[in-house]
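**Student:** The structure's right below; bear with me while I get my questions together.
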Amino acid sequence: MDEEGFADIVDFIGAMMDDQLLIIEEVGGPYDGHAKWFDMREPDALEDYLTDPLHSGRVRLKSWSGKADREVSADTL
């Protein structure tokens, strides 16, 4: 593994442990229960995701520590 690849892995792990990299799970809609990694370091990322017409507008966020766990919707932004 090269230095850049190693640095990317360290950055990913650091963001996860700092509750900046979350698991986002769809609530309702055609993709109910679908989950993926979500990077909260990107400004407006959550708002963009929730207001995208392809998504239900309601998600459950899960963090490494549990401190950032919550359910949010486009209405609560």
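If you're wondering about the labels, chains in the structure tokens are A, B, ... by order shown, residues count from 1 in each chain, ligands from 1 in order shown.
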Show me, as a list of chain:residue names, the residues that have an atom within 10 Å of Ser56 of chain A when counting only C-alpha atoms, minus same-chain residues fewer than 6 positions from it.

**Tutor:**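 In the requested form, the answer reads A:Glu26, A:Val27, A:Gly28, A:Gly29, A:Pro30, A:Tyr31, A:Asp32, A:Tyr49, A:Leu50, A:Ser73, A:Ala74.
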
**Student:** Store the residues picked out above in a file with C-alpha atoms, as an mmCIF file, in the first residue's frame.

**Tutor:**
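Saved the output as out-v7.cif:
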```
data_model
loop_
_atom_site.group_PDB
_atom_site.id
_atom_site.type_symbol
_atom_site.label_atom_id
_atom_site.label_comp_id
_atom_site.auth_asym_id
_atom_site.auth_seq_id
_atom_site.Cartn_x
_atom_site.Cartn_y
_atom_site.Cartn_z
ATOM 1 C CA GLU A 26 -33.524 5.306 4.841
ATOM 2 C CA VAL A 27 -36.798 5.384 6.793
ATOM 3 C CA GLY A 28 -39.862 4.759 4.632
ATOM 4 C CA GLY A 29 -40.161 5.055 0.891
ATOM 5 C CA PRO A 30 -39.055 2.509 -1.688
ATOM 6 C CA TYR A 31 -35.573 2.152 -0.139
ATOM 7 C CA ASP A 32 -36.724 1.651 3.469
ATOM 8 C CA TYR A 49 -29.480 14.003 0.642
ATOM 9 C CA LEU A 50 -32.766 14.642 2.470
ATOM 10 C CA SER A 73 -36.122 14.503 8.184
ATOM 11 C CA ALA A 74 -36.264 17.240 5.597
#
```

**Student:** Do a neighbour search on segment 37-45 of chain A at 7 Å with only C-alpha atoms, toss out local chain neighbours closer than 2 positions, and write the hits as a ChimeraX atom specification.

**Tutor:** /A:20-24,47-49

**Student:** Write out as a ChimeraX atom specification the set of residues from chain A that DSSP, computed on the backbone, places in alpha helix (DSSP H).

**Tutor:** /A:3-17,45-51

**Student:** What does the structure give for the distance between atom CA of Leu77 of chain A and atom CA of Leu46 of chain A, in Å to one decimal?

**Tutor:**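 Computing it gives 9.0 Å between the two atoms.
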
**Student:** What does the distance between atom CA of Arg60 of chain A and atom CA of Val10 of chain A come to in Å, to one decimal place?

**Tutor:**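 We find that atom CA of Arg60 of chain A and atom CA of Val10 of chain A lie 25.6 Å from each other.
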
**Student:** Can you work out which one of A:Gly5, A:Lys67, A:Gly57, A:Thr76 has the shortest atom-to-atom distance to Glu25 of chain A, counting only C-alpha atoms?

**Tutor:** A:Gly57

**Student:** Rounded to one decimal in Å, what is the spacing between atom CA of Ala35 of chain A and atom CA of Asp75 of chain A?

**Tutor:** 20.4 Å

**Student:** I'd like to know which residues of segment 18-56 of chain A are strand (DSSP E) (by DSSP, run on the backbone); could you write them as a PyMOL selection string?

**Tutor:** chain A and resi 21-26+35-39

**Student:** Could the residues in this selection be written to a file with N, CA and C atoms, as a PDB file, in the first residue's frame?

**Tutor:**
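Saved as part18.pdb:
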```
ATOM      1  N   LEU A  21     -18.237  10.482  10.182  1.00  0.00           N
ATOM      2  CA  LEU A  21     -18.592   9.507   9.172  1.00  0.00           C
ATOM      3  C   LEU A  21     -19.646   8.600   9.798  1.00  0.00           C
ATOM      4  N   LEU A  22     -20.859   8.681   9.289  1.00  0.00           N
ATOM      5  CA  LEU A  22     -21.992   7.996   9.884  1.00  0.00           C
ATOM      6  C   LEU A  22     -22.564   6.957   8.936  1.00  0.00           C
ATOM      7  N   ILE A  23     -23.387   6.099   9.482  1.00  0.00           N
ATOM      8  CA  ILE A  23     -24.211   5.225   8.657  1.00  0.00           C
ATOM      9  C   ILE A  23     -25.568   5.919   8.561  1.00  0.00           C
ATOM     10  N   ILE A  24     -26.056   6.074   7.345  1.00  0.00           N
ATOM     11  CA  ILE A  24     -27.341   6.722   7.118  1.00  0.00           C
ATOM     12  C   ILE A  24     -28.287   5.650   6.582  1.00  0.00           C
ATOM     13  N   GLU A  25     -29.450   5.517   7.222  1.00  0.00           N
ATOM     14  CA  GLU A  25     -30.418   4.482   6.861  1.00  0.00           C
ATOM     15  C   GLU A  25     -31.744   5.134   6.477  1.00  0.00           C
ATOM     16  N   GLU A  26     -32.248   4.783   5.309  1.00  0.00           N
ATOM     17  CA  GLU A  26     -33.524   5.306   4.841  1.00  0.00           C
ATOM     18  C   GLU A  26     -34.656   4.823   5.752  1.00  0.00           C
ATOM     19  N   ALA A  35     -28.997   1.239   3.763  1.00  0.00           N
ATOM     20  CA  ALA A  35     -28.019   2.014   4.529  1.00  0.00           C
ATOM     21  C   ALA A  35     -26.714   2.127   3.756  1.00  0.00           C
ATOM     22  N   LYS A  36     -25.974   3.206   4.046  1.00  0.00           N
ATOM     23  CA  LYS A  36     -24.663   3.416   3.442  1.00  0.00           C
ATOM     24  C   LYS A  36     -23.859   4.357   4.325  1.00  0.00           C
ATOM     25  N   TRP A  37     -22.549   4.422   4.064  1.00  0.00           N
ATOM     26  CA  TRP A  37     -21.703   5.385   4.770  1.00  0.00           C
ATOM     27  C   TRP A  37     -22.061   6.786   4.314  1.00  0.00           C
ATOM     28  N   PHE A  38     -21.972   7.740   5.235  1.00  0.00           N
ATOM     29  CA  PHE A  38     -22.320   9.122   4.926  1.00  0.00           C
ATOM     30  C   PHE A  38     -21.298  10.040   5.588  1.00  0.00           C
ATOM     31  N   ASP A  39     -20.728  10.961   4.832  1.00  0.00           N
ATOM     32  CA  ASP A  39     -19.668  11.847   5.304  1.00  0.00           C
ATOM     33  C   ASP A  39     -20.239  13.202   5.704  1.00  0.00           C
TER      34      ASP A  39
END
```

**Student:** Hey, which of A:Gly33, A:Thr51, A:Phe12, A:Met17 ends up closest to Ser65 of chain A? Count only C-alpha atoms.

**Tutor:**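 Of the candidates, the smallest distance to Ser65 of chain A is held by A:Met17.
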